[in-house]
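> Can you keep this structure in mind? I'll have questions shortly.
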Amino acid sequence: MNFITDLSLVYPPHVIAVAALFLSRVVDQGSMAELEAQQWFADLNVDMTDVLQVVSELIEVYKVWSGYDEAKMPDLVIRYIADIAASSG
């Protein structure tokens, strides 16, 4: 999981696992009814705010992976550092 993200350092493994299950539920509706799926996630007793934050970060990672080009990496790193600096201060 720790390819391009620090998620495994920020969130406990069970939150990342639930986020992955949530993403798979969104992508493939499966046989579980919507209300049943909502109840299943509610019964997990996991902070869904954290889960949705992990989902958001995973989607951003997927966006980077889909447009991965080794030659573009230095520019992406510079932009990433600039974004962090802008958001922190």
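Chain lettering (A, B, ...) mirrors the order of the structure tokens, residue numbering begins at 1 for each chain separately, and ligand numbering begins at 1 in order of display.
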Using only C-alpha atoms, determine which residues lie at most 12 Å from A:Ala17, disregarding the query and same-chain residues fewer than 4 positions distant; provide the list as a list in words.
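Those residues are Met1, Leu7, Ser8, Tyr11, Pro12, Pro13, Leu21, Phe22, Leu23, Ser24, Phe41, Leu44, Val46, Asp50, Val51, Leu52, Val54, Val55 and Leu58 of chain A.
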> Take the selection from the previous step and output its residues with all heavy atoms, as a compact mmCIF listing (two decimals), in the first residue's frame.

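Contents of the output file selection.txt:
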```txt
# COMPACT_ATOMS: atom_id res chain seq x y z
N MET A 1 0.81 -1.19 0.00
CA MET A 1 0.00 0.00 0.00
C MET A 1 0.86 1.26 0.00
O MET A 1 0.44 2.29 -0.46
CB MET A 1 -0.90 -0.03 1.24
CG MET A 1 -1.65 1.26 1.48
SD MET A 1 -2.58 1.80 0.07
CE MET A 1 -4.17 1.27 0.53
N LEU A 7 -0.33 6.96 3.68
CA LEU A 7 -1.55 6.53 4.36
C LEU A 7 -1.27 5.53 5.47
O LEU A 7 -1.88 5.59 6.53
CB LEU A 7 -2.53 5.91 3.36
CG LEU A 7 -3.26 6.87 2.44
CD1 LEU A 7 -4.11 6.10 1.44
CD2 LEU A 7 -4.10 7.84 3.22
N SER A 8 -0.36 4.62 5.23
CA SER A 8 -0.07 3.59 6.24
C SER A 8 0.62 4.17 7.47
O SER A 8 0.65 3.52 8.52
CB SER A 8 0.78 2.47 5.64
OG SER A 8 2.02 2.98 5.19
N TYR A 11 -2.93 6.52 9.03
CA TYR A 11 -4.16 5.84 9.42
C TYR A 11 -3.89 4.40 9.83
O TYR A 11 -3.01 3.74 9.28
CB TYR A 11 -5.16 5.85 8.26
CG TYR A 11 -5.60 7.23 7.88
CD1 TYR A 11 -5.01 7.91 6.82
CD2 TYR A 11 -6.60 7.88 8.60
CE1 TYR A 11 -5.40 9.20 6.49
CE2 TYR A 11 -6.99 9.17 8.27
CZ TYR A 11 -6.39 9.82 7.22
OH TYR A 11 -6.77 11.09 6.90
N PRO A 12 -4.67 3.88 10.77
CA PRO A 12 -4.52 2.47 11.15
C PRO A 12 -4.91 1.56 10.00
O PRO A 12 -5.72 1.94 9.14
CB PRO A 12 -5.52 2.31 12.31
CG PRO A 12 -6.02 3.65 12.67
CD PRO A 12 -5.68 4.59 11.56
N PRO A 13 -4.36 0.37 9.97
CA PRO A 13 -4.62 -0.56 8.86
C PRO A 13 -6.11 -0.86 8.65
O PRO A 13 -6.56 -0.99 7.51
CB PRO A 13 -3.87 -1.83 9.25
CG PRO A 13 -2.83 -1.39 10.21
CD PRO A 13 -3.39 -0.18 10.92
N LEU A 21 -12.57 -1.48 0.93
CA LEU A 21 -13.88 -2.14 0.78
C LEU A 21 -14.93 -1.15 0.29
O LEU A 21 -15.76 -1.48 -0.55
CB LEU A 21 -14.32 -2.74 2.12
CG LEU A 21 -13.52 -3.94 2.60
CD1 LEU A 21 -13.89 -4.28 4.03
CD2 LEU A 21 -13.74 -5.13 1.69
N PHE A 22 -14.89 0.06 0.81
CA PHE A 22 -15.83 1.10 0.40
C PHE A 22 -15.66 1.40 -1.09
O PHE A 22 -16.64 1.48 -1.83
CB PHE A 22 -15.62 2.35 1.24
CG PHE A 22 -16.61 3.45 0.96
CD1 PHE A 22 -17.82 3.47 1.60
CD2 PHE A 22 -16.31 4.45 0.06
CE1 PHE A 22 -18.74 4.48 1.35
CE2 PHE A 22 -17.21 5.46 -0.21
CZ PHE A 22 -18.44 5.48 0.44
N LEU A 23 -14.41 1.56 -1.52
CA LEU A 23 -14.15 1.81 -2.94
C LEU A 23 -14.64 0.66 -3.81
O LEU A 23 -15.24 0.89 -4.87
CB LEU A 23 -12.66 2.03 -3.18
CG LEU A 23 -12.14 3.44 -3.03
CD1 LEU A 23 -10.62 3.47 -3.15
CD2 LEU A 23 -12.76 4.37 -4.05
N SER A 24 -14.40 -0.55 -3.36
CA SER A 24 -14.86 -1.70 -4.16
C SER A 24 -16.38 -1.74 -4.21
O SER A 24 -16.96 -2.12 -5.23
CB SER A 24 -14.30 -3.01 -3.61
OG SER A 24 -14.88 -3.32 -2.37
N PHE A 41 -21.57 -1.07 6.81
CA PHE A 41 -20.50 -0.11 7.12
C PHE A 41 -20.73 0.55 8.48
O PHE A 41 -19.79 0.78 9.23
CB PHE A 41 -20.36 0.94 6.01
CG PHE A 41 -19.60 0.44 4.82
CD1 PHE A 41 -20.25 0.13 3.64
CD2 PHE A 41 -18.22 0.28 4.87
CE1 PHE A 41 -19.55 -0.33 2.54
CE2 PHE A 41 -17.51 -0.18 3.78
CZ PHE A 41 -18.17 -0.50 2.61
N LEU A 44 -19.55 -1.47 11.46
CA LEU A 44 -18.10 -1.66 11.62
C LEU A 44 -17.52 -0.80 12.74
O LEU A 44 -16.43 -1.06 13.21
CB LEU A 44 -17.37 -1.35 10.31
CG LEU A 44 -17.60 -2.33 9.18
CD1 LEU A 44 -16.89 -1.85 7.91
CD2 LEU A 44 -17.13 -3.72 9.55
N VAL A 46 -16.33 2.25 12.69
CA VAL A 46 -15.13 2.93 12.22
C VAL A 46 -15.52 4.37 11.89
O VAL A 46 -16.62 4.62 11.40
CB VAL A 46 -14.57 2.24 10.95
CG1 VAL A 46 -13.40 2.99 10.37
CG2 VAL A 46 -14.17 0.82 11.27
N ASP A 50 -12.64 9.43 8.64
CA ASP A 50 -11.30 8.94 8.31
C ASP A 50 -11.34 8.06 7.07
O ASP A 50 -10.47 8.16 6.19
CB ASP A 50 -10.71 8.14 9.47
CG ASP A 50 -10.27 9.01 10.63
OD1 ASP A 50 -10.17 10.25 10.45
OD2 ASP A 50 -10.03 8.45 11.72
N VAL A 51 -12.35 7.20 6.99
CA VAL A 51 -12.47 6.31 5.83
C VAL A 51 -12.61 7.13 4.55
O VAL A 51 -11.93 6.87 3.55
CB VAL A 51 -13.67 5.34 5.99
CG1 VAL A 51 -13.95 4.59 4.70
CG2 VAL A 51 -13.41 4.38 7.15
N LEU A 52 -13.46 8.14 4.56
CA LEU A 52 -13.65 8.96 3.37
C LEU A 52 -12.42 9.78 3.03
O LEU A 52 -12.14 10.03 1.85
CB LEU A 52 -14.88 9.86 3.55
CG LEU A 52 -16.20 9.09 3.63
CD1 LEU A 52 -17.35 10.05 3.90
CD2 LEU A 52 -16.46 8.28 2.38
N VAL A 54 -9.32 8.69 3.52
CA VAL A 54 -8.45 7.70 2.89
C VAL A 54 -8.93 7.43 1.46
O VAL A 54 -8.11 7.37 0.53
CB VAL A 54 -8.40 6.40 3.71
CG1 VAL A 54 -7.69 5.29 2.95
CG2 VAL A 54 -7.71 6.64 5.05
N VAL A 55 -10.24 7.30 1.27
CA VAL A 55 -10.79 7.10 -0.07
C VAL A 55 -10.37 8.24 -0.98
O VAL A 55 -9.92 8.03 -2.11
CB VAL A 55 -12.33 6.96 -0.03
CG1 VAL A 55 -12.94 7.08 -1.41
CG2 VAL A 55 -12.73 5.64 0.61
N LEU A 58 -6.74 7.90 -1.84
CA LEU A 58 -6.51 6.79 -2.78
C LEU A 58 -6.92 7.18 -4.20
O LEU A 58 -6.22 6.84 -5.16
CB LEU A 58 -7.30 5.56 -2.34
CG LEU A 58 -6.74 4.80 -1.15
CD1 LEU A 58 -7.70 3.70 -0.72
CD2 LEU A 58 -5.37 4.23 -1.45
```
> Please give the complete set of residues from chain A that DSSP, run on the backbone, assigns to helix (DSSP H, G or I), formatted as a PyMOL selection string.
chain A and resi 7-10+13-27+34-43+48-66+70-88
> Quick check, in Å to one decimal: how far apart do atom CA of A:Arg25 and atom CA of A:Tyr68 lie?
25.7 Å
> Please compute the atom CA of A:Arg79-atom CA of A:Asp6 distance, one decimal, in Å.
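Result for atom CA of A:Arg79 versus atom CA of A:Asp6: 17.1 Å, one decimal.
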> Please measure the separation of atom CA of A:Leu35 and atom CA of A:Val61, giving the value in Å to one decimal.
29.0 Å
> Please determine, counting only C-alpha atoms, which residue among A:Gln53, A:Val77, A:Asp69, A:Ala33 has the shortest atom-to-atom distance to A:Val10.
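Distance minimum relative to A:Val10 lands on A:Gln53.
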